[in-house]
Amino acid sequence: IRGKIHSSCEILHPENVIIQAGSVLKPFTVIDASRGPVWIEEQVQIESFSTITGPALIGRGTLISRGKIENSWVGKHNRIEGIVNDSILGNHNQIGFLAHIQKSWLGSWNRFGEQSHVFSQNALLKPVSILTSRTKKVDTLLNELGTLTGDYNYITPQSLIPAGFQIGTASLYTSMEADSFFPDFSMTASARLSKLRSWEEIESVLQKQQHQSVR
């Protein structure tokens with residue numbers, strides 16, 4: 001175990017924990033390796049009141065601020081302020097405050113707004129099906145499955161993503177207004193965005209939403 005670790009941090013089963021040089025654990029963080037190993041790479045910063053439960057890997061340069069990560073693989077340079085469990089994250093993702101990602105696979109450069117939520121079970125508690133096109137459905141035989149998300153997507157704050165939902169690349173997802181298949185370069189047809197006349201106006205709205213989520 002290397003890095004700068006505050007004396008108030010709790011590390012359970014340190015023999016199963018690797019913390020590489022340059023990483024910082026702020027006061028009152030918890031690393032729990034009782035159910036599996038935890039590997040924290042270089043230059044990771046874990047802010048106070050964050051929890052990591054193994055098995056878990058936290059990639060280089062990631063920031064965890066009041067977040068909770070359990071049984072997940074987190075790539076490099078992510079920023080996590082919410083909850084991530086049983087998931088795989090690529091690089092450069094932002095998970096907003098109180099957002100919840102579960103049973104999911106995320107690519108890179110995605111932004112999930114604060115309080116957005118991924119469901120992992122359907123309403124009937126039956127195996128989750130996914131759509132690979134508008135008409136083709138595949139039964140996963142899994143009782144729990146979150147979202148399969150590509151790269152460069154923006155999920156607006158307080159959005160709800162149903163179980164088995166696929167989001168392609170470079171898309172804007174708002175609330176639960178979309179169909180269960182959401183291909184590349186898509187945008188939900190919210191009443192406000194549907195009235196916009198130019199991409200400049202759309203960019204203005206996105207910037208305002210991003211500013212609100214930061215605040």
# chains A, B, ... in the order shown; residues from 1 in each chain; ligands from 1
call {"tool": "residues_around", "arguments": {"residues": "A:Gly59", "least_positions_apart": "3", "cutoff": "8 Å", "atoms": "only C-alpha atoms", "output": "PDB file with all heavy atoms, in the first residue's frame"}}
result
ATOM      1  N   ILE A  40      -6.241   0.125  -6.579  1.00  0.00           N
ATOM      2  CA  ILE A  40      -6.333   1.554  -6.876  1.00  0.00           C
ATOM      3  C   ILE A  40      -5.046   1.962  -7.566  1.00  0.00           C
ATOM      4  O   ILE A  40      -3.963   1.886  -6.991  1.00  0.00           O
ATOM      5  CB  ILE A  40      -6.557   2.365  -5.584  1.00  0.00           C
ATOM      6  CG1 ILE A  40      -7.873   1.938  -4.911  1.00  0.00           C
ATOM      7  CG2 ILE A  40      -6.569   3.854  -5.881  1.00  0.00           C
ATOM      8  CD1 ILE A  40      -8.105   2.564  -3.565  1.00  0.00           C
ATOM      9  N   GLU A  41      -5.170   2.414  -8.807  1.00  0.00           N
ATOM     10  CA  GLU A  41      -3.987   2.757  -9.592  1.00  0.00           C
ATOM     11  C   GLU A  41      -3.432   4.134  -9.215  1.00  0.00           C
ATOM     12  O   GLU A  41      -3.890   4.765  -8.259  1.00  0.00           O
ATOM     13  CB  GLU A  41      -4.329   2.693 -11.093  1.00  0.00           C
ATOM     14  CG  GLU A  41      -4.652   1.281 -11.571  1.00  0.00           C
ATOM     15  CD  GLU A  41      -4.854   1.201 -13.067  1.00  0.00           C
ATOM     16  OE1 GLU A  41      -5.035   2.262 -13.709  1.00  0.00           O
ATOM     17  OE2 GLU A  41      -4.808   0.080 -13.605  1.00  0.00           O
ATOM     18  N   GLU A  42      -2.459   4.607  -9.990  1.00  0.00           N
ATOM     19  CA  GLU A  42      -1.760   5.852  -9.670  1.00  0.00           C
ATOM     20  C   GLU A  42      -2.661   7.077  -9.829  1.00  0.00           C
ATOM     21  O   GLU A  42      -3.583   7.098 -10.638  1.00  0.00           O
ATOM     22  CB  GLU A  42      -0.546   6.029 -10.598  1.00  0.00           C
ATOM     23  CG  GLU A  42       0.448   4.891 -10.565  1.00  0.00           C
ATOM     24  CD  GLU A  42       0.194   3.893 -11.675  1.00  0.00           C
ATOM     25  OE1 GLU A  42      -0.962   3.812 -12.135  1.00  0.00           O
ATOM     26  OE2 GLU A  42       1.147   3.196 -12.068  1.00  0.00           O
ATOM     27  N   VAL A  44      -4.994   8.475  -8.200  1.00  0.00           N
ATOM     28  CA  VAL A  44      -6.428   8.432  -7.875  1.00  0.00           C
ATOM     29  C   VAL A  44      -6.663   9.274  -6.624  1.00  0.00           C
ATOM     30  O   VAL A  44      -5.873   9.211  -5.672  1.00  0.00           O
ATOM     31  CB  VAL A  44      -6.895   6.979  -7.636  1.00  0.00           C
ATOM     32  CG1 VAL A  44      -8.326   6.957  -7.090  1.00  0.00           C
ATOM     33  CG2 VAL A  44      -6.816   6.191  -8.936  1.00  0.00           C
ATOM     34  N   THR A  62      -8.502   8.819 -11.581  1.00  0.00           N
ATOM     35  CA  THR A  62      -9.934   8.919 -11.276  1.00  0.00           C
ATOM     36  C   THR A  62     -10.153   9.700  -9.986  1.00  0.00           C
ATOM     37  O   THR A  62      -9.363   9.604  -9.041  1.00  0.00           O
ATOM     38  CB  THR A  62     -10.551   7.514 -11.165  1.00  0.00           C
ATOM     39  OG1 THR A  62     -10.580   6.919 -12.467  1.00  0.00           O
ATOM     40  CG2 THR A  62     -11.964   7.549 -10.612  1.00  0.00           C
ATOM     41  N   VAL A  74     -13.537   0.306 -13.006  1.00  0.00           N
ATOM     42  CA  VAL A  74     -13.618   1.718 -13.383  1.00  0.00           C
ATOM     43  C   VAL A  74     -12.336   2.093 -14.113  1.00  0.00           C
ATOM     44  O   VAL A  74     -11.237   1.938 -13.566  1.00  0.00           O
ATOM     45  CB  VAL A  74     -13.818   2.613 -12.142  1.00  0.00           C
ATOM     46  CG1 VAL A  74     -13.825   4.080 -12.534  1.00  0.00           C
ATOM     47  CG2 VAL A  74     -15.112   2.237 -11.426  1.00  0.00           C
ATOM     48  N   GLY A  75     -12.467   2.582 -15.330  1.00  0.00           N
ATOM     49  CA  GLY A  75     -11.303   2.923 -16.138  1.00  0.00           C
ATOM     50  C   GLY A  75     -10.584   4.178 -15.668  1.00  0.00           C
ATOM     51  O   GLY A  75     -10.732   4.622 -14.517  1.00  0.00           O
ATOM     52  N   LYS A  76      -9.844   4.797 -16.565  1.00  0.00           N
ATOM     53  CA  LYS A  76      -8.977   5.926 -16.222  1.00  0.00           C
ATOM     54  C   LYS A  76      -9.706   7.255 -16.315  1.00  0.00           C
ATOM     55  O   LYS A  76     -10.592   7.453 -17.141  1.00  0.00           O
ATOM     56  CB  LYS A  76      -7.754   5.937 -17.138  1.00  0.00           C
ATOM     57  CG  LYS A  76      -6.905   4.673 -17.040  1.00  0.00           C
ATOM     58  CD  LYS A  76      -5.756   4.704 -18.032  1.00  0.00           C
ATOM     59  CE  LYS A  76      -4.936   3.421 -17.930  1.00  0.00           C
ATOM     60  NZ  LYS A  76      -3.813   3.398 -18.905  1.00  0.00           N
ATOM     61  N   HIS A  77      -9.330   8.164 -15.432  1.00  0.00           N
ATOM     62  CA  HIS A  77      -9.760   9.569 -15.472  1.00  0.00           C
ATOM     63  C   HIS A  77     -11.285   9.722 -15.443  1.00  0.00           C
ATOM     64  O   HIS A  77     -11.851  10.555 -16.148  1.00  0.00           O
ATOM     65  CB  HIS A  77      -9.172  10.270 -16.699  1.00  0.00           C
ATOM     66  CG  HIS A  77      -7.680  10.239 -16.750  1.00  0.00           C
ATOM     67  ND1 HIS A  77      -6.890  10.976 -15.898  1.00  0.00           N
ATOM     68  CD2 HIS A  77      -6.829   9.516 -17.535  1.00  0.00           C
ATOM     69  CE1 HIS A  77      -5.611  10.738 -16.155  1.00  0.00           C
ATOM     70  NE2 HIS A  77      -5.553   9.850 -17.133  1.00  0.00           N
ATOM     71  N   ASN A  78     -11.936   8.926 -14.631  1.00  0.00           N
ATOM     72  CA  ASN A  78     -13.363   9.100 -14.397  1.00  0.00           C
ATOM     73  C   ASN A  78     -13.582  10.032 -13.213  1.00  0.00           C
ATOM     74  O   ASN A  78     -12.714  10.185 -12.345  1.00  0.00           O
ATOM     75  CB  ASN A  78     -14.032   7.755 -14.113  1.00  0.00           C
ATOM     76  CG  ASN A  78     -14.110   6.884 -15.352  1.00  0.00           C
ATOM     77  OD1 ASN A  78     -14.955   7.073 -16.205  1.00  0.00           O
ATOM     78  ND2 ASN A  78     -13.208   5.906 -15.446  1.00  0.00           N
TER      79      ASN A  78
END
call {"tool": "residues_around", "arguments": {"residues": "A:Lys4", "least_positions_apart": "2", "cutoff": "8 Å", "atoms": "only C-alpha atoms", "output": "list of chain:residue names"}}
result
A:Arg2, A:His6, A:Gly22, A:Ser23, A:Val24, A:Leu25
call {"tool": "residues_around", "arguments": {"residues": "A:Thr51", "least_positions_apart": "3", "cutoff": "12 Å", "atoms": "only C-alpha atoms", "output": "number ranges by chain"}}
result
A: 9-12, 25-33, 38, 46-48, 54, 56, 58, 64-71, 80-85
call {"tool": "closest_residue", "arguments": {"among": "A:Ser8, A:Gly168, A:Val138, A:Tyr152", "to": "A:Ser186", "atoms": "only C-alpha atoms"}}
result
A:Gly168
call {"tool": "atom_distance", "arguments": {"atom1": "atom CA of A:Phe185", "atom2": "atom CA of A:Gly150"}}
result
10.9 Å
call {"tool": "atom_distance", "arguments": {"atom1": "atom CA of A:Asn110", "atom2": "atom CA of A:Leu131"}}
result
20.9 Å
call {"tool": "atom_distance", "arguments": {"atom1": "atom CA of A:Gln20", "atom2": "atom CA of A:Asp151"}}
result
28.0 Å
call {"tool": "residues_around", "arguments": {"residues": "A:Pro157", "least_positions_apart": "6", "cutoff": "6 Å", "atoms": "only C-alpha atoms", "output": "JSON, numbers by chain"}}
result
{"A": [113, 114, 115, 116]}
call {"tool": "residues_around", "arguments": {"residues": "A:Ser72", "least_positions_apart": "4", "cutoff": "7 Å", "atoms": "only C-alpha atoms", "output": "compact mmCIF listing (two decimals) with C-alpha atoms, in the first residue's frame"}}
result
# COMPACT_ATOMS: atom_id res chain seq x y z
CA PRO A 55 -13.74 -6.73 -6.00
CA ALA A 56 -12.98 -3.40 -7.65
CA LEU A 57 -10.41 -1.67 -9.82
CA ASN A 85 -22.20 -1.22 -8.53
CA ASP A 86 -21.73 -4.39 -10.59
CA SER A 87 -20.67 -2.33 -13.61
CA ILE A 88 -17.85 -1.69 -16.09
call {"tool": "select_by_dssp", "arguments": {"residues": "stretch 16-206 of chain A", "states": "strand (DSSP E)", "output": "PDB file with C-alpha atoms, in the first residue's frame"}}
result
ATOM      1  CA  VAL A  17      -5.626  -4.045  -1.222  1.00  0.00           C
ATOM      2  CA  ILE A  18      -3.196  -2.424  -3.679  1.00  0.00           C
ATOM      3  CA  ILE A  19      -2.877   1.370  -3.610  1.00  0.00           C
ATOM      4  CA  VAL A  24      -4.693  10.142  -2.066  1.00  0.00           C
ATOM      5  CA  LEU A  25      -7.315   8.879   0.392  1.00  0.00           C
ATOM      6  CA  VAL A  30     -13.547   3.159   3.555  1.00  0.00           C
ATOM      7  CA  ILE A  31     -11.848   0.464   1.468  1.00  0.00           C
ATOM      8  CA  ASP A  32     -13.525  -2.911   2.053  1.00  0.00           C
ATOM      9  CA  VAL A  38      -9.330  -3.702  -4.414  1.00  0.00           C
ATOM     10  CA  TRP A  39      -6.745  -2.231  -6.770  1.00  0.00           C
ATOM     11  CA  ILE A  40      -6.333   1.554  -6.876  1.00  0.00           C
ATOM     12  CA  GLN A  45      -8.085  10.843  -5.448  1.00  0.00           C
ATOM     13  CA  ILE A  46     -10.757   9.518  -3.100  1.00  0.00           C
ATOM     14  CA  THR A  51     -16.594   3.822  -0.030  1.00  0.00           C
ATOM     15  CA  ILE A  52     -15.027   1.202  -2.288  1.00  0.00           C
ATOM     16  CA  THR A  53     -16.057  -2.423  -1.859  1.00  0.00           C
ATOM     17  CA  GLY A  54     -14.217  -5.172  -3.684  1.00  0.00           C
ATOM     18  CA  PRO A  55     -13.741  -6.730  -6.003  1.00  0.00           C
ATOM     19  CA  ALA A  56     -12.976  -3.405  -7.654  1.00  0.00           C
ATOM     20  CA  LEU A  57     -10.405  -1.670  -9.819  1.00  0.00           C
ATOM     21  CA  ILE A  58     -10.094   2.126  -9.901  1.00  0.00           C
ATOM     22  CA  LEU A  63     -11.654  11.200  -8.764  1.00  0.00           C
ATOM     23  CA  ILE A  64     -14.248   9.764  -6.391  1.00  0.00           C
ATOM     24  CA  LYS A  68     -19.766   4.494  -3.552  1.00  0.00           C
ATOM     25  CA  ILE A  69     -18.268   1.817  -5.794  1.00  0.00           C
ATOM     26  CA  GLU A  70     -18.923  -1.886  -5.390  1.00  0.00           C
ATOM     27  CA  ASN A  71     -17.927  -4.899  -7.493  1.00  0.00           C
ATOM     28  CA  SER A  72     -16.981  -2.728 -10.468  1.00  0.00           C
ATOM     29  CA  TRP A  73     -14.206  -2.015 -12.955  1.00  0.00           C
ATOM     30  CA  VAL A  74     -13.618   1.718 -13.383  1.00  0.00           C
ATOM     31  CA  ARG A  79     -15.176  11.444 -12.010  1.00  0.00           C
ATOM     32  CA  ILE A  80     -17.698   9.709  -9.777  1.00  0.00           C
ATOM     33  CA  ILE A  83     -23.141   5.084  -6.833  1.00  0.00           C
ATOM     34  CA  VAL A  84     -21.666   2.474  -9.168  1.00  0.00           C
ATOM     35  CA  ASN A  85     -22.202  -1.220  -8.531  1.00  0.00           C
ATOM     36  CA  ILE A  88     -17.850  -1.694 -16.087  1.00  0.00           C
ATOM     37  CA  LEU A  89     -16.900   1.890 -16.942  1.00  0.00           C
ATOM     38  CA  GLN A  94     -18.655  11.656 -15.271  1.00  0.00           C
ATOM     39  CA  ILE A  95     -21.220  10.233 -12.856  1.00  0.00           C
ATOM     40  CA  HIS A 100     -26.915   5.434  -9.671  1.00  0.00           C
ATOM     41  CA  ILE A 101     -25.328   3.110 -12.238  1.00  0.00           C
ATOM     42  CA  GLN A 102     -25.959  -0.606 -11.720  1.00  0.00           C
ATOM     43  CA  TRP A 105     -21.556  -1.300 -19.258  1.00  0.00           C
ATOM     44  CA  LEU A 106     -20.446   2.219 -20.158  1.00  0.00           C
ATOM     45  CA  ARG A 111     -21.858  12.167 -18.653  1.00  0.00           C
ATOM     46  CA  PHE A 112     -24.649  11.037 -16.357  1.00  0.00           C
ATOM     47  CA  HIS A 117     -30.886   6.398 -12.281  1.00  0.00           C
ATOM     48  CA  VAL A 118     -30.382   3.144 -14.199  1.00  0.00           C
ATOM     49  CA  VAL A 128     -34.514  -8.580 -19.320  1.00  0.00           C
ATOM     50  CA  SER A 129     -34.739  -8.307 -23.099  1.00  0.00           C
ATOM     51  CA  ILE A 130     -32.811  -5.850 -25.253  1.00  0.00           C
ATOM     52  CA  LEU A 131     -33.512  -4.449 -28.705  1.00  0.00           C
ATOM     53  CA  LYS A 137     -35.497  -8.285 -29.586  1.00  0.00           C
ATOM     54  CA  VAL A 138     -32.962 -10.512 -27.819  1.00  0.00           C
ATOM     55  CA  ASP A 139     -33.698 -12.274 -24.540  1.00  0.00           C
ATOM     56  CA  THR A 140     -30.622 -11.975 -22.320  1.00  0.00           C
ATOM     57  CA  LEU A 141     -31.817 -14.659 -19.853  1.00  0.00           C
ATOM     58  CA  LEU A 142     -30.645 -12.247 -17.131  1.00  0.00           C
ATOM     59  CA  THR A 147     -27.790  -0.066 -19.618  1.00  0.00           C
ATOM     60  CA  LEU A 148     -25.359  -0.750 -22.430  1.00  0.00           C
ATOM     61  CA  THR A 149     -24.022   2.680 -23.345  1.00  0.00           C
ATOM     62  CA  TYR A 154     -25.085  13.031 -22.229  1.00  0.00           C
ATOM     63  CA  ILE A 155     -27.745  11.822 -19.802  1.00  0.00           C
ATOM     64  CA  LEU A 160     -34.531   7.403 -15.584  1.00  0.00           C
ATOM     65  CA  ILE A 161     -33.084   4.660 -17.767  1.00  0.00           C
ATOM     66  CA  PHE A 165     -31.781   0.018 -22.402  1.00  0.00           C
ATOM     67  CA  GLN A 166     -29.165   0.615 -25.098  1.00  0.00           C
ATOM     68  CA  ILE A 167     -27.737   4.027 -25.876  1.00  0.00           C
ATOM     69  CA  LEU A 172     -28.706  13.175 -25.736  1.00  0.00           C
ATOM     70  CA  TYR A 173     -31.042  11.295 -23.412  1.00  0.00           C
ATOM     71  CA  PHE A 181     -33.909   1.377 -28.727  1.00  0.00           C
ATOM     72  CA  PHE A 182     -31.784   4.524 -28.852  1.00  0.00           C
TER      73      PHE A 182
END
call {"tool": "select_by_dssp", "arguments": {"residues": "chain A", "states": "helix (DSSP H, G or I)", "output": "ChimeraX atom specification"}}
result
/A:14-16,191-194,199-214
